[in-house]
file coords22.txt (compact mmCIF, C-alpha atoms)
# COMPACT_ATOMS: atom_id res chain seq x y z
CA MET A 1 10.67 86.50 -6.61
CA LYS A 2 7.22 84.88 -6.78
CA LYS A 3 7.30 85.02 -10.58
CA THR A 4 10.63 83.19 -10.59
CA VAL A 5 9.26 80.43 -8.31
CA TYR A 6 6.16 80.03 -10.49
CA PHE A 7 8.32 79.83 -13.63
CA ILE A 8 10.60 77.14 -12.16
CA SER A 9 7.59 75.12 -10.92
CA ALA A 10 5.94 75.28 -14.33
CA LEU A 11 9.20 74.25 -16.00
CA PHE A 12 9.53 71.12 -13.83
CA ALA A 13 5.86 70.24 -14.29
CA GLY A 14 6.16 70.50 -18.07
CA ALA A 15 9.28 68.35 -18.06
CA GLY A 16 7.47 65.73 -15.99
CA VAL A 17 4.58 65.52 -18.46
CA PHE A 18 7.02 65.26 -21.38
CA ILE A 19 9.01 62.44 -19.76
CA TYR A 20 5.85 60.52 -18.83
CA SER A 21 4.61 60.79 -22.42
CA LEU A 22 7.85 59.23 -23.65
CA VAL A 23 7.80 56.41 -21.10
CA SER A 24 4.17 55.53 -21.67
CA LEU A 25 4.31 55.59 -25.48
CA PRO A 26 3.36 52.07 -26.64
CA PRO A 27 5.35 50.28 -29.35
CA SER A 28 2.18 50.03 -31.47
CA SER A 29 1.84 53.80 -31.75
CA PRO A 30 1.41 54.89 -35.40
CA ASP A 31 4.11 57.52 -34.81
CA MET A 32 6.77 54.85 -34.26
CA HIS A 33 7.62 53.35 -37.64
CA VAL A 34 10.66 51.28 -36.67
CA ASN A 35 12.20 50.85 -33.23
CA VAL A 36 14.66 48.32 -31.90
CA PHE A 37 14.58 47.33 -28.22
CA LEU A 38 17.61 45.53 -26.77
CA HIS A 39 16.49 45.87 -23.16
CA LEU A 40 12.89 46.29 -22.11
CA PRO A 41 11.87 48.57 -19.24
CA GLN A 42 10.90 46.79 -16.06
CA ASN A 43 7.78 47.65 -14.10
CA HIS A 44 8.15 47.85 -10.33
CA VAL A 45 5.33 46.20 -8.43
CA SER A 46 4.54 46.66 -4.75
CA ASP A 47 4.36 43.65 -2.44
CA SER A 48 0.61 44.18 -1.91
CA ILE A 49 -0.07 43.84 -5.65
CA GLN A 50 2.26 40.84 -6.00
CA ASP A 51 -0.17 38.74 -3.99
CA SER A 52 -3.33 39.65 -5.91
CA CYS A 53 -4.82 39.61 -9.39
CA ARG A 54 -5.43 43.34 -9.28
CA PHE A 55 -4.89 45.38 -12.44
CA PHE A 56 -2.01 47.85 -12.71
CA PHE A 57 -0.52 49.51 -15.80
CA ILE A 58 2.30 47.55 -17.50
CA ASN A 59 4.42 48.90 -20.35
CA TYR A 60 4.97 46.58 -23.34
CA LEU A 61 2.86 43.84 -21.79
CA GLU A 62 2.47 42.07 -25.14
CA PHE A 63 6.24 41.44 -25.40
CA PRO A 64 7.41 37.94 -24.40
CA GLU A 65 10.54 37.64 -22.26
CA THR A 66 13.76 38.02 -24.25
CA LYS A 67 17.46 37.35 -23.88
CA PRO A 68 19.93 40.27 -23.38
CA ASN A 69 21.09 40.31 -27.01
CA ASP A 70 17.67 39.82 -28.61
CA ALA A 71 16.65 42.76 -30.78
CA ILE A 72 12.91 43.38 -30.83
CA ILE A 73 11.86 45.36 -33.90
CA SER A 74 8.69 47.43 -33.70
CA HIS A 75 6.61 48.75 -36.58
CA SER A 76 3.48 50.87 -36.27
CA GLY A 77 1.13 48.00 -35.47
CA TYR A 78 3.24 45.08 -34.28
CA SER A 79 6.60 44.08 -32.82
CA PHE A 80 8.60 40.93 -33.50
CA LEU A 81 11.71 38.90 -32.79
CA TYR A 82 13.23 37.70 -36.05
CA ASN A 83 14.90 34.31 -36.43
CA ASP A 84 17.42 34.54 -39.26
CA ALA A 85 18.13 30.78 -39.29
CA HIS A 86 14.51 30.10 -40.26
CA LYS A 87 13.84 33.36 -42.17
CA GLN A 88 10.71 34.18 -40.18
CA SER A 89 9.84 35.54 -36.77
CA ASP A 90 9.90 33.55 -33.53
CA TRP A 91 6.96 35.66 -32.46
CA VAL A 92 4.92 38.68 -33.45
CA ALA A 93 3.19 40.66 -30.68
CA TYR A 94 0.67 43.47 -30.74
CA LEU A 95 -2.19 45.21 -28.96
CA LEU A 96 -5.72 44.92 -30.38
CA THR A 97 -8.55 47.14 -29.18
CA SER A 98 -12.22 47.56 -30.02
CA GLU A 99 -11.53 51.19 -30.89
CA ARG A 100 -9.06 50.18 -33.58
CA LEU A 101 -11.42 47.62 -35.05
CA ASN A 102 -14.39 49.96 -35.01
CA ASN A 103 -12.54 52.84 -36.68
CA PRO A 104 -10.84 51.50 -39.82
CA ALA A 105 -8.82 54.06 -41.75
CA THR A 106 -8.38 51.85 -44.78
CA SER A 107 -9.38 48.48 -46.27
CA ARG A 108 -7.46 45.38 -47.25
CA PRO A 109 -6.15 45.69 -50.81
CA LYS A 110 -6.65 42.86 -53.28
CA ASN A 111 -3.66 40.93 -54.57
CA LYS A 112 -1.18 42.99 -52.56
CA LYS A 113 2.38 41.72 -52.85
CA PHE A 114 4.47 41.04 -49.76
CA THR A 115 7.73 42.97 -49.49
CA ILE A 116 11.06 42.45 -47.73
CA ASP A 117 11.43 44.11 -44.33
CA LYS A 118 14.35 46.53 -44.49
CA ALA A 119 14.30 46.87 -40.70
CA VAL A 120 15.77 43.34 -40.45
CA SER A 121 19.52 43.83 -40.90
CA THR A 122 20.17 40.19 -41.83
CA GLY A 123 17.51 40.28 -44.55
CA THR A 124 14.11 38.62 -44.75
CA ALA A 125 12.75 36.18 -47.27
CA ALA A 126 11.23 37.66 -50.42
CA HIS A 127 7.74 37.29 -51.90
CA ASP A 128 9.11 35.07 -54.68
CA ASP A 129 10.76 32.65 -52.24
CA TYR A 130 7.28 31.17 -51.65
CA THR A 131 6.35 30.95 -55.33
CA ASN A 132 5.32 27.46 -56.48
CA SER A 133 6.04 25.99 -53.06
CA LYS A 134 2.36 25.07 -52.47
CA PHE A 135 2.48 27.06 -49.23
CA ASP A 136 0.68 30.34 -48.58
CA ARG A 137 2.38 33.44 -47.27
CA GLY A 138 0.54 33.33 -43.95
CA HIS A 139 0.14 36.50 -41.91
CA LEU A 140 1.11 36.27 -38.24
CA ALA A 141 -0.38 39.64 -37.27
CA PRO A 142 -3.44 39.69 -39.54
CA CYS A 143 -3.92 42.49 -42.04
CA ALA A 144 -7.53 42.80 -40.83
CA ASP A 145 -6.23 43.71 -37.34
CA MET A 146 -4.23 46.61 -38.81
CA LEU A 147 -6.86 48.49 -40.79
CA TRP A 148 -6.93 51.29 -38.19
CA SER A 149 -3.91 52.77 -39.99
CA GLU A 150 -2.83 52.64 -43.61
CA ILE A 151 0.79 52.53 -42.47
CA ALA A 152 0.11 49.61 -40.10
CA MET A 153 -1.85 47.78 -42.81
CA ASN A 154 0.98 48.15 -45.34
CA GLU A 155 3.56 47.03 -42.77
CA SER A 156 1.54 43.86 -42.10
CA PHE A 157 2.68 42.77 -45.60
CA PHE A 158 6.34 42.80 -44.63
CA MET A 159 7.93 39.35 -44.93
CA SER A 160 8.94 39.56 -41.25
CA ASN A 161 5.23 39.02 -40.55
CA VAL A 162 4.93 35.91 -42.72
CA SER A 163 5.33 32.14 -42.26
CA PRO A 164 4.63 29.25 -44.68
CA GLN A 165 1.13 27.87 -44.09
CA THR A 166 -0.78 25.22 -46.02
CA PRO A 167 -3.55 26.84 -48.10
CA GLU A 168 -6.54 25.37 -46.24
CA PHE A 169 -5.00 26.01 -42.85
CA ASN A 170 -4.25 29.63 -43.74
CA GLN A 171 -7.55 30.37 -45.43
CA GLN A 172 -9.83 28.37 -43.16
CA THR A 173 -8.70 27.26 -39.68
CA TRP A 174 -6.16 30.03 -38.96
CA GLU A 175 -8.44 32.65 -40.49
CA LYS A 176 -11.34 31.51 -38.30
CA LEU A 177 -9.15 31.90 -35.22
CA GLU A 178 -8.20 35.40 -36.37
CA GLU A 179 -11.88 36.28 -36.81
CA LEU A 180 -12.62 34.95 -33.33
CA VAL A 181 -9.86 37.07 -31.79
CA ARG A 182 -11.29 40.20 -33.45
CA HIS A 183 -14.71 39.29 -32.05
CA TRP A 184 -13.17 39.01 -28.58
CA ALA A 185 -11.42 42.36 -28.94
CA LYS A 186 -14.77 43.99 -29.67
CA GLN A 187 -16.35 42.14 -26.73
CA TYR A 188 -13.62 42.71 -24.15
CA ASP A 189 -12.17 46.02 -25.40
CA THR A 190 -8.44 45.26 -25.16
CA LEU A 191 -6.36 42.18 -25.99
CA TYR A 192 -2.61 41.55 -25.82
CA ILE A 193 -1.59 39.01 -28.46
CA ALA A 194 1.55 37.05 -29.30
CA THR A 195 1.62 34.56 -32.16
CA GLY A 196 4.06 32.64 -34.30
CA PRO A 197 5.41 29.33 -35.60
CA LEU A 198 7.11 26.61 -33.58
CA LEU A 199 10.68 26.67 -34.93
CA HIS A 200 13.33 24.01 -34.44
CA GLU A 201 16.34 22.57 -36.28
CA GLU A 202 14.58 19.53 -37.77
CA LEU A 203 12.10 21.45 -39.94
CA PRO A 204 12.12 21.08 -43.74
CA PHE A 205 12.70 24.09 -45.97
CA LEU A 206 10.57 25.54 -48.73
CA ILE A 207 13.38 24.71 -51.14
CA ASP A 208 12.75 21.02 -50.35
CA VAL A 209 9.11 21.17 -51.48
CA VAL A 210 9.37 23.32 -54.63
CA THR A 211 8.31 21.26 -57.63
CA GLU A 212 10.16 23.23 -60.34
CA PRO A 213 13.87 24.11 -59.92
CA LYS A 214 13.43 27.48 -61.66
CA PHE A 215 11.22 28.55 -58.76
CA ALA A 216 13.68 27.49 -56.07
CA PRO A 217 13.77 30.09 -53.27
CA LYS A 218 16.98 31.99 -52.62
CA LYS A 219 16.48 31.81 -48.85
CA ASN A 220 16.18 28.76 -46.58
CA VAL A 221 12.69 29.36 -45.23
CA SER A 222 11.65 26.70 -42.71
CA VAL A 223 8.20 25.12 -42.92
CA PRO A 224 6.66 24.99 -39.42
CA GLU A 225 4.64 22.00 -38.27
CA TYR A 226 2.67 24.01 -35.68
CA PHE A 227 1.50 27.54 -35.04
CA TYR A 228 0.51 29.09 -31.73
CA LYS A 229 -1.36 32.12 -30.48
CA VAL A 230 -1.76 33.46 -26.94
CA ILE A 231 -4.36 36.07 -25.97
CA LEU A 232 -4.53 38.04 -22.75
CA ASN A 233 -7.52 40.12 -21.71
CA TYR A 234 -5.99 42.47 -19.14
CA THR A 235 -8.27 45.25 -18.00
CA SER A 236 -9.36 46.72 -14.69
CA GLN A 237 -12.56 44.68 -14.99
CA ASP A 238 -11.06 41.30 -15.82
CA ILE A 239 -7.84 39.33 -16.26
CA LYS A 240 -8.04 36.13 -18.28
CA GLY A 241 -5.95 34.34 -20.87
CA ILE A 242 -6.19 31.60 -23.48
CA GLY A 243 -3.83 29.93 -25.93
CA PHE A 244 -3.99 27.86 -29.11
CA ILE A 245 -1.64 25.29 -30.65
CA MET A 246 -2.61 24.24 -34.18
CA PRO A 247 -1.00 21.83 -36.67
CA ASN A 248 -0.05 23.35 -40.01
CA ILE A 249 -2.14 20.94 -42.09
CA ASP A 250 -5.09 21.05 -44.46
CA GLY A 251 -8.45 19.43 -43.86
CA MET A 252 -9.35 20.82 -40.43
CA GLY A 253 -12.11 23.08 -41.72
CA LYS A 254 -13.38 26.44 -40.55
CA SER A 255 -15.80 25.76 -37.72
CA ILE A 256 -15.70 27.34 -34.29
CA ASP A 257 -15.80 23.84 -32.78
CA THR A 258 -12.56 23.00 -34.59
CA VAL A 259 -10.86 26.15 -33.30
CA LYS A 260 -12.17 25.50 -29.79
CA LYS A 261 -10.68 22.00 -29.88
CA TYR A 262 -7.18 23.48 -30.03
CA ALA A 263 -7.64 25.87 -27.11
CA VAL A 264 -5.15 25.38 -24.26
CA SER A 265 -3.78 27.36 -21.35
CA ILE A 266 -1.07 29.96 -21.99
CA ASP A 267 1.16 27.92 -19.68
CA SER A 268 0.78 24.97 -22.10
CA VAL A 269 1.90 27.15 -25.01
CA GLU A 270 4.90 28.29 -22.97
CA LYS A 271 5.94 24.68 -22.33
CA PHE A 272 5.42 23.84 -26.01
CA THR A 273 7.42 26.78 -27.38
CA GLY A 274 9.89 27.54 -24.59
CA ILE A 275 8.75 31.19 -24.70
CA ASN A 276 7.74 33.03 -21.53
CA PHE A 277 4.68 35.11 -22.45
CA PHE A 278 3.36 38.02 -20.39
CA TYR A 279 6.30 37.60 -18.04
CA GLN A 280 5.69 40.99 -16.44
CA LEU A 281 2.50 39.79 -14.74
CA THR A 282 2.77 39.12 -11.02
CA PRO A 283 2.79 35.46 -9.85
CA ALA A 284 -0.81 35.85 -8.72
CA GLN A 285 -1.84 37.30 -12.09
CA GLN A 286 -0.03 34.53 -13.94
CA GLU A 287 -1.95 32.01 -11.86
CA CYS A 288 -5.20 33.71 -12.91
CA ALA A 289 -4.38 34.16 -16.60
CA GLU A 290 -1.82 31.51 -17.58
CA LYS A 291 -1.84 28.39 -15.44
CA THR A 292 -5.47 27.53 -16.07
CA PHE A 293 -8.14 28.69 -18.48
CA ASP A 294 -11.89 28.42 -18.67
CA VAL A 295 -13.45 28.29 -22.14
CA SER A 296 -16.76 29.45 -20.65
CA LYS A 297 -15.18 32.84 -19.92
CA TRP A 298 -14.79 33.47 -23.65
CA ASP A 299 -17.65 34.19 -26.05
CA TRP A 300 -17.65 31.53 -28.79
CA LYS A 301 -20.83 32.66 -30.55
call {"tool": "encode", "arguments": {"input": "coords22.txt", "output": "structure tokens"}}
result
Amino acid sequence: MKKTVYFISALFAGAGVFIYSLVSLPPSSPDMHVNVFLHLPQNHVSDSIQDSCRFFFINYLEFPETKPNDAIISHSGYSFLYNDAHKQSDWVAYLLTSERLNNPATSRPKNKKFTIDKAVSTGTAAHDDYTNSKFDRGHLAPCADMLWSEIAMNESFFMSNVSPQTPEFNQQTWEKLEELVRHWAKQYDTLYIATGPLLHEELPFLIDVVTEPKFAPKKNVSVPEYFYKVILNYTSQDIKGIGFIMPNIDGMGKSIDTVKKYAVSIDSVEKFTGINFFYQLTPAQQECAEKTFDVSKWDWK
């Protein structure tokens, strides 16, 4: 009889561990190549936590709030919401940690070609759609943030992770911001990041700026006027957030002072884009991390 009781107890305990492992598996796990989320799990928060900025574990914290029919696609290193009308993503979200940055499994290849993302059922733009348009294929989730896994690095070259960026903006100002974010991840251990273009109906298309008809893109890829990035440092030691809104233009340079000039609160980015970032935070936590921001809390050196 005792053996039977012990066996049943062990069985339930094992099942509990298995279920918890499934629930807590993050979308950025290298074991999850492609996943589609139509409804995100909700985290239940006690009334005592609601009124404080205390840390508690939140699944999929990097995901912005979505509508019921929105399909979030997740690759190994990032997740995104694709906008077929503009042939690019509304946002790309991912987790960046110091451990991932300090333990690269691969390096960025030279002259790697971008590829279509077969996970997008409506089809993405192709590498050649940008040819001769005078716009770079700009990463949203940077390749340098994905070097912890060869799979994640290769998936960062999917066209779902690309938007048209002017050459100097992509290679100077935007790149400097990406470098700064990696510096912060090493400093603060864990960052939750969402980034993307500001998309609306009045934007021009790449086909409008191609100089030679033979290079005309097959897809109507919109050319954004602005790009944004929001960063949340959410650990048991600290909760703070910062956002950036940058014009997609050349000539801004690559200095930290330039990047710092475009720093805003996450709440400002939400009003600018209409996207509700880090919506699973409690009202008190949102007050701490989104409503206001203090540049002195971030290391700019």
call {"tool": "closest_residue", "arguments": {"input": "coords22.txt", "among": "A:Thr190, A:Thr115, A:Ser156, A:Thr273", "to": "Glu99 in chain A", "atoms": "only C-alpha atoms"}}
result
A:Thr190
call {"tool": "atom_distance", "arguments": {"input": "coords22.txt", "atom1": "CA of Met246 in chain A", "atom2": "CA of Val92 in chain A"}}
result
16.3 Å
call {"tool": "closest_residue", "arguments": {"input": "coords22.txt", "among": "A:Lys87, A:Lys176, A:Lys260, A:Arg100", "to": "Val120 in chain A", "atoms": "only C-alpha atoms"}}
result
A:Lys87
call {"tool": "closest_residue", "arguments": {"input": "coords22.txt", "among": "A:Asp90, A:Asp128, A:Asp70, A:Asp294", "to": "His200 in chain A", "atoms": "only C-alpha atoms"}}
result
A:Asp90
call {"tool": "atom_distance", "arguments": {"input": "coords22.txt", "atom1": "CA of Glu65 in chain A", "atom2": "CA of Thr235 in chain A"}}
result
20.7 Å
call {"tool": "residues_around", "arguments": {"input": "coords22.txt", "residues": "range 163-167 of chain A", "least_positions_apart": "2", "cutoff": "7 Å", "atoms": "only C-alpha atoms", "output": "ChimeraX atom specification"}}
result
/A:88,135-139,169-171,223,248-250
call {"tool": "write_last_selection", "arguments": {"input": "coords22.txt", "atoms": "C-alpha atoms", "output": "compact mmCIF listing (two decimals), in the coordinates of the input"}}
result
# COMPACT_ATOMS: atom_id res chain seq x y z
CA GLN A 88 10.71 34.18 -40.18
CA PHE A 135 2.48 27.06 -49.23
CA ASP A 136 0.68 30.34 -48.58
CA ARG A 137 2.38 33.44 -47.27
CA GLY A 138 0.54 33.33 -43.95
CA HIS A 139 0.14 36.50 -41.91
CA PHE A 169 -5.00 26.01 -42.85
CA ASN A 170 -4.25 29.63 -43.74
CA GLN A 171 -7.55 30.37 -45.43
CA VAL A 223 8.20 25.12 -42.92
CA ASN A 248 -0.05 23.35 -40.01
CA ILE A 249 -2.14 20.94 -42.09
CA ASP A 250 -5.09 21.05 -44.46
call {"tool": "atom_distance", "arguments": {"input": "coords22.txt", "atom1": "CA of Ser74 in chain A", "atom2": "CA of Glu155 in chain A"}}
result
10.4 Å
call {"tool": "closest_residue", "arguments": {"input": "coords22.txt", "among": "A:Ala126, A:Leu95, A:Ala119, A:Leu206", "to": "Asp145 in chain A", "atoms": "all atoms listed in the file"}}
result
A:Leu95
call {"tool": "closest_residue", "arguments": {"input": "coords22.txt", "among": "A:Lys261, A:Arg108, A:Lys134, A:Lys113", "to": "Thr173 in chain A", "atoms": "all atoms listed in the file"}}
result
A:Lys261
call {"tool": "build_atoms", "arguments": {"input": "coords22.txt", "residues": "range 141-172 of chain A", "atoms": "N, CA and C atoms", "output": "PDB file, in the coordinates of the input"}}
result
ATOM      1  N   ALA A 141       0.560  38.595 -37.676  1.00  0.00           N
ATOM      2  CA  ALA A 141      -0.380  39.640 -37.270  1.00  0.00           C
ATOM      3  C   ALA A 141      -1.278  39.905 -38.475  1.00  0.00           C
ATOM      4  N   PRO A 142      -2.566  39.610 -38.373  1.00  0.00           N
ATOM      5  CA  PRO A 142      -3.440  39.690 -39.540  1.00  0.00           C
ATOM      6  C   PRO A 142      -3.570  41.102 -40.098  1.00  0.00           C
ATOM      7  N   CYS A 143      -3.670  41.201 -41.405  1.00  0.00           N
ATOM      8  CA  CYS A 143      -3.920  42.490 -42.040  1.00  0.00           C
ATOM      9  C   CYS A 143      -5.204  43.108 -41.508  1.00  0.00           C
ATOM     10  N   ALA A 144      -6.232  42.294 -41.285  1.00  0.00           N
ATOM     11  CA  ALA A 144      -7.530  42.800 -40.830  1.00  0.00           C
ATOM     12  C   ALA A 144      -7.459  43.421 -39.432  1.00  0.00           C
ATOM     13  N   ASP A 145      -6.417  43.106 -38.664  1.00  0.00           N
ATOM     14  CA  ASP A 145      -6.230  43.710 -37.340  1.00  0.00           C
ATOM     15  C   ASP A 145      -5.533  45.064 -37.438  1.00  0.00           C
ATOM     16  N   MET A 146      -5.054  45.409 -38.630  1.00  0.00           N
ATOM     17  CA  MET A 146      -4.230  46.610 -38.810  1.00  0.00           C
ATOM     18  C   MET A 146      -4.897  47.678 -39.646  1.00  0.00           C
ATOM     19  N   LEU A 147      -6.178  47.554 -39.896  1.00  0.00           N
ATOM     20  CA  LEU A 147      -6.860  48.490 -40.790  1.00  0.00           C
ATOM     21  C   LEU A 147      -7.120  49.845 -40.147  1.00  0.00           C
ATOM     22  N   TRP A 148      -6.776  50.005 -38.872  1.00  0.00           N
ATOM     23  CA  TRP A 148      -6.930  51.290 -38.190  1.00  0.00           C
ATOM     24  C   TRP A 148      -5.931  52.324 -38.683  1.00  0.00           C
ATOM     25  N   SER A 149      -4.931  51.868 -39.455  1.00  0.00           N
ATOM     26  CA  SER A 149      -3.910  52.770 -39.990  1.00  0.00           C
ATOM     27  C   SER A 149      -3.424  52.229 -41.318  1.00  0.00           C
ATOM     28  N   GLU A 150      -3.330  53.091 -42.309  1.00  0.00           N
ATOM     29  CA  GLU A 150      -2.830  52.640 -43.610  1.00  0.00           C
ATOM     30  C   GLU A 150      -1.373  52.212 -43.509  1.00  0.00           C
ATOM     31  N   ILE A 151      -0.609  52.909 -42.667  1.00  0.00           N
ATOM     32  CA  ILE A 151       0.790  52.530 -42.470  1.00  0.00           C
ATOM     33  C   ILE A 151       0.876  51.138 -41.834  1.00  0.00           C
ATOM     34  N   ALA A 152       0.094  50.911 -40.774  1.00  0.00           N
ATOM     35  CA  ALA A 152       0.110  49.610 -40.100  1.00  0.00           C
ATOM     36  C   ALA A 152      -0.347  48.503 -41.050  1.00  0.00           C
ATOM     37  N   MET A 153      -1.361  48.787 -41.866  1.00  0.00           N
ATOM     38  CA  MET A 153      -1.850  47.780 -42.810  1.00  0.00           C
ATOM     39  C   MET A 153      -0.754  47.427 -43.814  1.00  0.00           C
ATOM     40  N   ASN A 154      -0.083  48.424 -44.366  1.00  0.00           N
ATOM     41  CA  ASN A 154       0.980  48.150 -45.340  1.00  0.00           C
ATOM     42  C   ASN A 154       2.130  47.380 -44.705  1.00  0.00           C
ATOM     43  N   GLU A 155       2.462  47.718 -43.449  1.00  0.00           N
ATOM     44  CA  GLU A 155       3.560  47.030 -42.770  1.00  0.00           C
ATOM     45  C   GLU A 155       3.215  45.588 -42.418  1.00  0.00           C
ATOM     46  N   SER A 156       1.924  45.259 -42.368  1.00  0.00           N
ATOM     47  CA  SER A 156       1.540  43.860 -42.100  1.00  0.00           C
ATOM     48  C   SER A 156       1.910  42.958 -43.272  1.00  0.00           C
ATOM     49  N   PHE A 157       2.258  43.550 -44.424  1.00  0.00           N
ATOM     50  CA  PHE A 157       2.680  42.770 -45.600  1.00  0.00           C
ATOM     51  C   PHE A 157       4.197  42.684 -45.724  1.00  0.00           C
ATOM     52  N   PHE A 158       4.908  43.050 -44.660  1.00  0.00           N
ATOM     53  CA  PHE A 158       6.340  42.800 -44.630  1.00  0.00           C
ATOM     54  C   PHE A 158       6.575  41.299 -44.426  1.00  0.00           C
ATOM     55  N   MET A 159       7.634  40.783 -45.030  1.00  0.00           N
ATOM     56  CA  MET A 159       7.930  39.350 -44.930  1.00  0.00           C
ATOM     57  C   MET A 159       8.376  38.939 -43.523  1.00  0.00           C
ATOM     58  N   SER A 160       8.660  39.884 -42.660  1.00  0.00           N
ATOM     59  CA  SER A 160       8.940  39.560 -41.250  1.00  0.00           C
ATOM     60  C   SER A 160       7.675  39.091 -40.544  1.00  0.00           C
ATOM     61  N   ASN A 161       6.523  39.356 -41.128  1.00  0.00           N
ATOM     62  CA  ASN A 161       5.230  39.020 -40.550  1.00  0.00           C
ATOM     63  C   ASN A 161       4.594  37.819 -41.251  1.00  0.00           C
ATOM     64  N   VAL A 162       5.419  36.996 -41.885  1.00  0.00           N
ATOM     65  CA  VAL A 162       4.930  35.910 -42.720  1.00  0.00           C
ATOM     66  C   VAL A 162       5.594  34.591 -42.365  1.00  0.00           C
ATOM     67  N   SER A 163       4.812  33.504 -42.398  1.00  0.00           N
ATOM     68  CA  SER A 163       5.330  32.140 -42.260  1.00  0.00           C
ATOM     69  C   SER A 163       4.626  31.257 -43.287  1.00  0.00           C
ATOM     70  N   PRO A 164       5.279  30.164 -43.725  1.00  0.00           N
ATOM     71  CA  PRO A 164       4.630  29.250 -44.680  1.00  0.00           C
ATOM     72  C   PRO A 164       3.484  28.484 -44.011  1.00  0.00           C
ATOM     73  N   GLN A 165       2.303  28.588 -44.591  1.00  0.00           N
ATOM     74  CA  GLN A 165       1.130  27.870 -44.090  1.00  0.00           C
ATOM     75  C   GLN A 165       0.460  27.142 -45.256  1.00  0.00           C
ATOM     76  N   THR A 166      -0.047  25.939 -44.975  1.00  0.00           N
ATOM     77  CA  THR A 166      -0.780  25.220 -46.020  1.00  0.00           C
ATOM     78  C   THR A 166      -2.017  26.035 -46.388  1.00  0.00           C
ATOM     79  N   PRO A 167      -2.461  25.968 -47.640  1.00  0.00           N
ATOM     80  CA  PRO A 167      -3.550  26.840 -48.100  1.00  0.00           C
ATOM     81  C   PRO A 167      -4.834  26.736 -47.275  1.00  0.00           C
ATOM     82  N   GLU A 168      -5.293  25.518 -46.990  1.00  0.00           N
ATOM     83  CA  GLU A 168      -6.540  25.370 -46.240  1.00  0.00           C
ATOM     84  C   GLU A 168      -6.380  25.825 -44.791  1.00  0.00           C
ATOM     85  N   PHE A 169      -5.232  25.556 -44.219  1.00  0.00           N
ATOM     86  CA  PHE A 169      -5.000  26.010 -42.850  1.00  0.00           C
ATOM     87  C   PHE A 169      -5.024  27.533 -42.790  1.00  0.00           C
ATOM     88  N   ASN A 170      -4.318  28.177 -43.720  1.00  0.00           N
ATOM     89  CA  ASN A 170      -4.250  29.630 -43.740  1.00  0.00           C
ATOM     90  C   ASN A 170      -5.604  30.270 -44.010  1.00  0.00           C
ATOM     91  N   GLN A 171      -6.326  29.732 -44.963  1.00  0.00           N
ATOM     92  CA  GLN A 171      -7.550  30.370 -45.430  1.00  0.00           C
ATOM     93  C   GLN A 171      -8.809  29.909 -44.693  1.00  0.00           C
ATOM     94  N   GLN A 172      -8.667  28.872 -43.872  1.00  0.00           N
ATOM     95  CA  GLN A 172      -9.830  28.370 -43.160  1.00  0.00           C
ATOM     96  C   GLN A 172      -9.609  28.379 -41.639  1.00  0.00           C
TER      97      GLN A 172
END
